[in-house]
Amino acid sequence: MTAPMLPDTQPLGAIRVAAQSAHIDPWSWFKGHPPNASLTVSTQRKRNVARTKCIHHCFEPSWMETLYIVVHPQDEFLDFSLFSHHAHRKSTLIGCTKFPISVITDSGELTSVSFDLVKDEKSTAGLLADLVFYPSVSGSGTTGISTKAQSSLASY
């Protein structure tokens with residue numbers, strides 16, 4: 001469920017997250033059984049949430065998926081959370097991290113970014129991803145997102 005958007009709030013732009021792969025530390029995982037891993041990317045207010053598919057029984061999941069997150073001026077961080085899914089109980093958090101949106105908006109594109117995912121102040125996994133920022137352009141239709149981002153979103 002997404003939070004309602006205020007009528008006068010225009011998006012800052014869109015961030016394309018190319019989730020490549022993760023490495024989950026087997027010693028940090030319960031009983032050493034491989035998790036059913038999936039990645040969730042969202043803004044800190046959970047306004048926009050994007051998820052990868054679930055990779056079953058793997059300490060080295062490789063998604064190679066592209067996720068899009070629309071960011072607003074009041075958003076400060078992207079939240080990356082790695083979960084293990086289970087058919088009969090609640091998903092378990094493997095690790096998470098926050099990434100400042102200002103870093104990607106200033107640079108425009110970051111390739112092969114390595115994130116350290118943490119749970120209970122201990123490193124539990126590593127994540128590899130590419131980030132690209134598409135700034136919004138005023139007057140470009142109703143979305144306010146640049147035509148380059150719209151064409152990328154359309155091909156998705």
# chains A, B, ... in the order shown; residues from 1 in each chain; ligands from 1
>>> closest_atom_pairs(of="segment 33-123 of chain A", to="segment 14-24 of chain A", cutoff="10 Å", atoms="only C-alpha atoms", output="JSON lines")
{"residue": "A:Pro34", "atom": "CA", "partner": "A:Ile24", "partner_atom": "CA", "distance": 8.9}
{"residue": "A:Pro35", "atom": "CA", "partner": "A:Ile24", "partner_atom": "CA", "distance": 8.7}
{"residue": "A:Ala37", "atom": "CA", "partner": "A:Ala22", "partner_atom": "CA", "distance": 9.1}
{"residue": "A:Ser38", "atom": "CA", "partner": "A:Ala22", "partner_atom": "CA", "distance": 9.7}
{"residue": "A:Leu39", "atom": "CA", "partner": "A:Ala19", "partner_atom": "CA", "distance": 8.1}
{"residue": "A:Thr40", "atom": "CA", "partner": "A:Ala19", "partner_atom": "CA", "distance": 9.9}
{"residue": "A:Val41", "atom": "CA", "partner": "A:Val17", "partner_atom": "CA", "distance": 8.4}
{"residue": "A:Ala50", "atom": "CA", "partner": "A:Val17", "partner_atom": "CA", "distance": 9.5}
{"residue": "A:Arg51", "atom": "CA", "partner": "A:Ala19", "partner_atom": "CA", "distance": 9.8}
{"residue": "A:Thr52", "atom": "CA", "partner": "A:Ala19", "partner_atom": "CA", "distance": 8.0}
{"residue": "A:Cys58", "atom": "CA", "partner": "A:Ile24", "partner_atom": "CA", "distance": 8.4}
{"residue": "A:Phe59", "atom": "CA", "partner": "A:Ile24", "partner_atom": "CA", "distance": 5.0}
{"residue": "A:Glu60", "atom": "CA", "partner": "A:His23", "partner_atom": "CA", "distance": 4.8}
{"residue": "A:Pro61", "atom": "CA", "partner": "A:Ala22", "partner_atom": "CA", "distance": 5.6}
{"residue": "A:Ser62", "atom": "CA", "partner": "A:Ser21", "partner_atom": "CA", "distance": 4.1}
{"residue": "A:Trp63", "atom": "CA", "partner": "A:Gln20", "partner_atom": "CA", "distance": 5.5}
{"residue": "A:Met64", "atom": "CA", "partner": "A:Gln20", "partner_atom": "CA", "distance": 4.4}
{"residue": "A:Glu65", "atom": "CA", "partner": "A:Ala19", "partner_atom": "CA", "distance": 5.4}
{"residue": "A:Thr66", "atom": "CA", "partner": "A:Ala18", "partner_atom": "CA", "distance": 4.4}
{"residue": "A:Leu67", "atom": "CA", "partner": "A:Val17", "partner_atom": "CA", "distance": 5.0}
{"residue": "A:Tyr68", "atom": "CA", "partner": "A:Arg16", "partner_atom": "CA", "distance": 4.7}
{"residue": "A:Ile69", "atom": "CA", "partner": "A:Ile15", "partner_atom": "CA", "distance": 5.2}
{"residue": "A:Val70", "atom": "CA", "partner": "A:Ala14", "partner_atom": "CA", "distance": 4.3}
{"residue": "A:Val71", "atom": "CA", "partner": "A:Ala14", "partner_atom": "CA", "distance": 5.7}
{"residue": "A:His72", "atom": "CA", "partner": "A:Ala14", "partner_atom": "CA", "distance": 8.8}
{"residue": "A:Leu78", "atom": "CA", "partner": "A:Ile15", "partner_atom": "CA", "distance": 9.6}
{"residue": "A:Leu82", "atom": "CA", "partner": "A:Ala22", "partner_atom": "CA", "distance": 8.9}
{"residue": "A:Ile94", "atom": "CA", "partner": "A:Ile24", "partner_atom": "CA", "distance": 8.2}
{"residue": "A:Gly95", "atom": "CA", "partner": "A:Ile24", "partner_atom": "CA", "distance": 9.1}
{"residue": "A:Ile101", "atom": "CA", "partner": "A:Ile15", "partner_atom": "CA", "distance": 9.0}
{"residue": "A:Ile104", "atom": "CA", "partner": "A:Ile15", "partner_atom": "CA", "distance": 8.3}
{"residue": "A:Thr105", "atom": "CA", "partner": "A:Ile15", "partner_atom": "CA", "distance": 8.7}
{"residue": "A:Gly108", "atom": "CA", "partner": "A:Ile15", "partner_atom": "CA", "distance": 9.2}
{"residue": "A:Glu109", "atom": "CA", "partner": "A:Arg16", "partner_atom": "CA", "distance": 9.4}
{"residue": "A:Leu110", "atom": "CA", "partner": "A:Val17", "partner_atom": "CA", "distance": 9.8}
{"residue": "A:Thr111", "atom": "CA", "partner": "A:Ala18", "partner_atom": "CA", "distance": 9.1}
{"residue": "A:Ser112", "atom": "CA", "partner": "A:Gln20", "partner_atom": "CA", "distance": 8.6}
{"residue": "A:Val113", "atom": "CA", "partner": "A:Gln20", "partner_atom": "CA", "distance": 9.9}
{"residue": "A:Ser114", "atom": "CA", "partner": "A:Ala22", "partner_atom": "CA", "distance": 9.2}
{"residue": "A:Phe115", "atom": "CA", "partner": "A:Ala22", "partner_atom": "CA", "distance": 9.2}
{"residue": "A:Asp116", "atom": "CA", "partner": "A:Ala22", "partner_atom": "CA", "distance": 9.7}
{"residue": "A:Leu117", "atom": "CA", "partner": "A:Ile24", "partner_atom": "CA", "distance": 9.1}
{"residue": "A:Ser123", "atom": "CA", "partner": "A:Ile24", "partner_atom": "CA", "distance": 9.4}
>>> decode(residues="segment 97-126 of chain A", atoms="N, CA and C atoms", output="mmCIF file, in the first residue's frame")
data_model
loop_
_atom_site.group_PDB
_atom_site.id
_atom_site.type_symbol
_atom_site.label_atom_id
_atom_site.label_comp_id
_atom_site.auth_asym_id
_atom_site.auth_seq_id
_atom_site.Cartn_x
_atom_site.Cartn_y
_atom_site.Cartn_z
ATOM 1 N N THR A 97 20.136 -1.978 4.759
ATOM 2 C CA THR A 97 20.992 -0.792 4.775
ATOM 3 C C THR A 97 20.227 0.378 4.190
ATOM 4 N N LYS A 98 20.722 1.583 4.459
ATOM 5 C CA LYS A 98 20.155 2.811 3.907
ATOM 6 C C LYS A 98 21.209 3.457 3.019
ATOM 7 N N PHE A 99 20.751 4.044 1.910
ATOM 8 C CA PHE A 99 21.651 4.730 0.992
ATOM 9 C C PHE A 99 21.099 6.133 0.758
ATOM 10 N N PRO A 100 21.918 7.188 0.977
ATOM 11 C CA PRO A 100 21.421 8.557 0.804
ATOM 12 C C PRO A 100 21.070 8.861 -0.655
ATOM 13 N N ILE A 101 19.866 9.333 -0.880
ATOM 14 C CA ILE A 101 19.406 9.662 -2.228
ATOM 15 C C ILE A 101 20.232 10.802 -2.815
ATOM 16 N N SER A 102 20.741 11.699 -1.968
ATOM 17 C CA SER A 102 21.524 12.839 -2.465
ATOM 18 C C SER A 102 22.783 12.399 -3.205
ATOM 19 N N VAL A 103 23.357 11.264 -2.836
ATOM 20 C CA VAL A 103 24.569 10.774 -3.514
ATOM 21 C C VAL A 103 24.265 10.437 -4.969
ATOM 22 N N ILE A 104 23.162 9.754 -5.213
ATOM 23 C CA ILE A 104 22.810 9.361 -6.586
ATOM 24 C C ILE A 104 22.264 10.548 -7.376
ATOM 25 N N THR A 105 21.552 11.478 -6.730
ATOM 26 C CA THR A 105 21.048 12.641 -7.470
ATOM 27 C C THR A 105 22.185 13.565 -7.878
ATOM 28 N N ASP A 106 23.241 13.626 -7.077
ATOM 29 C CA ASP A 106 24.389 14.467 -7.413
ATOM 30 C C ASP A 106 25.250 13.866 -8.518
ATOM 31 N N SER A 107 25.452 12.548 -8.494
ATOM 32 C CA SER A 107 26.352 11.915 -9.469
ATOM 33 C C SER A 107 25.623 11.448 -10.727
ATOM 34 N N GLY A 108 24.340 11.120 -10.625
ATOM 35 C CA GLY A 108 23.579 10.679 -11.792
ATOM 36 C C GLY A 108 23.626 9.187 -12.035
ATOM 37 N N GLU A 109 24.801 8.579 -11.913
ATOM 38 C CA GLU A 109 24.919 7.138 -12.171
ATOM 39 C C GLU A 109 26.046 6.554 -11.326
ATOM 40 N N LEU A 110 25.752 5.446 -10.677
ATOM 41 C CA LEU A 110 26.753 4.708 -9.904
ATOM 42 C C LEU A 110 26.699 3.252 -10.358
ATOM 43 N N THR A 111 27.827 2.719 -10.781
ATOM 44 C CA THR A 111 27.845 1.337 -11.254
ATOM 45 C C THR A 111 28.601 0.447 -10.280
ATOM 46 N N SER A 112 28.156 -0.784 -10.193
ATOM 47 C CA SER A 112 28.761 -1.816 -9.341
ATOM 48 C C SER A 112 28.968 -1.329 -7.912
ATOM 49 N N VAL A 113 27.894 -0.796 -7.330
ATOM 50 C CA VAL A 113 27.943 -0.332 -5.950
ATOM 51 C C VAL A 113 27.773 -1.542 -5.033
ATOM 52 N N SER A 114 28.666 -1.665 -4.067
ATOM 53 C CA SER A 114 28.605 -2.772 -3.113
ATOM 54 C C SER A 114 28.048 -2.255 -1.792
ATOM 55 N N PHE A 115 26.973 -2.864 -1.321
ATOM 56 C CA PHE A 115 26.332 -2.491 -0.070
ATOM 57 C C PHE A 115 26.592 -3.580 0.964
ATOM 58 N N ASP A 116 26.843 -3.166 2.189
ATOM 59 C CA ASP A 116 26.989 -4.103 3.298
ATOM 60 C C ASP A 116 25.652 -4.137 4.030
ATOM 61 N N LEU A 117 24.976 -5.284 4.028
ATOM 62 C CA LEU A 117 23.684 -5.422 4.688
ATOM 63 C C LEU A 117 23.913 -5.883 6.124
ATOM 64 N N VAL A 118 23.224 -5.231 7.059
ATOM 65 C CA VAL A 118 23.474 -5.430 8.480
ATOM 66 C C VAL A 118 22.187 -5.818 9.191
ATOM 67 N N LYS A 119 22.330 -6.714 10.193
ATOM 68 C CA LYS A 119 21.225 -7.052 11.091
ATOM 69 C C LYS A 119 21.806 -7.175 12.493
ATOM 70 N N ASP A 120 21.187 -6.521 13.456
ATOM 71 C CA ASP A 120 21.660 -6.522 14.844
ATOM 72 C C ASP A 120 23.122 -6.078 14.929
ATOM 73 N N GLU A 121 23.470 -5.053 14.165
ATOM 74 C CA GLU A 121 24.808 -4.453 14.130
ATOM 75 C C GLU A 121 25.901 -5.412 13.654
ATOM 76 N N LYS A 122 25.511 -6.484 12.957
ATOM 77 C CA LYS A 122 26.478 -7.433 12.403
ATOM 78 C C LYS A 122 26.256 -7.541 10.900
ATOM 79 N N SER A 123 27.352 -7.602 10.163
ATOM 80 C CA SER A 123 27.267 -7.766 8.711
ATOM 81 C C SER A 123 26.782 -9.187 8.401
ATOM 82 N N THR A 124 25.690 -9.270 7.645
ATOM 83 C CA THR A 124 25.112 -10.577 7.323
ATOM 84 C C THR A 124 25.148 -10.894 5.839
ATOM 85 N N ALA A 125 25.290 -9.857 5.002
ATOM 86 C CA ALA A 125 25.262 -10.084 3.552
ATOM 87 C C ALA A 125 25.861 -8.884 2.834
ATOM 88 N N GLY A 126 26.220 -9.107 1.580
ATOM 89 C CA GLY A 126 26.670 -8.051 0.698
ATOM 90 C C GLY A 126 25.774 -8.002 -0.522
#
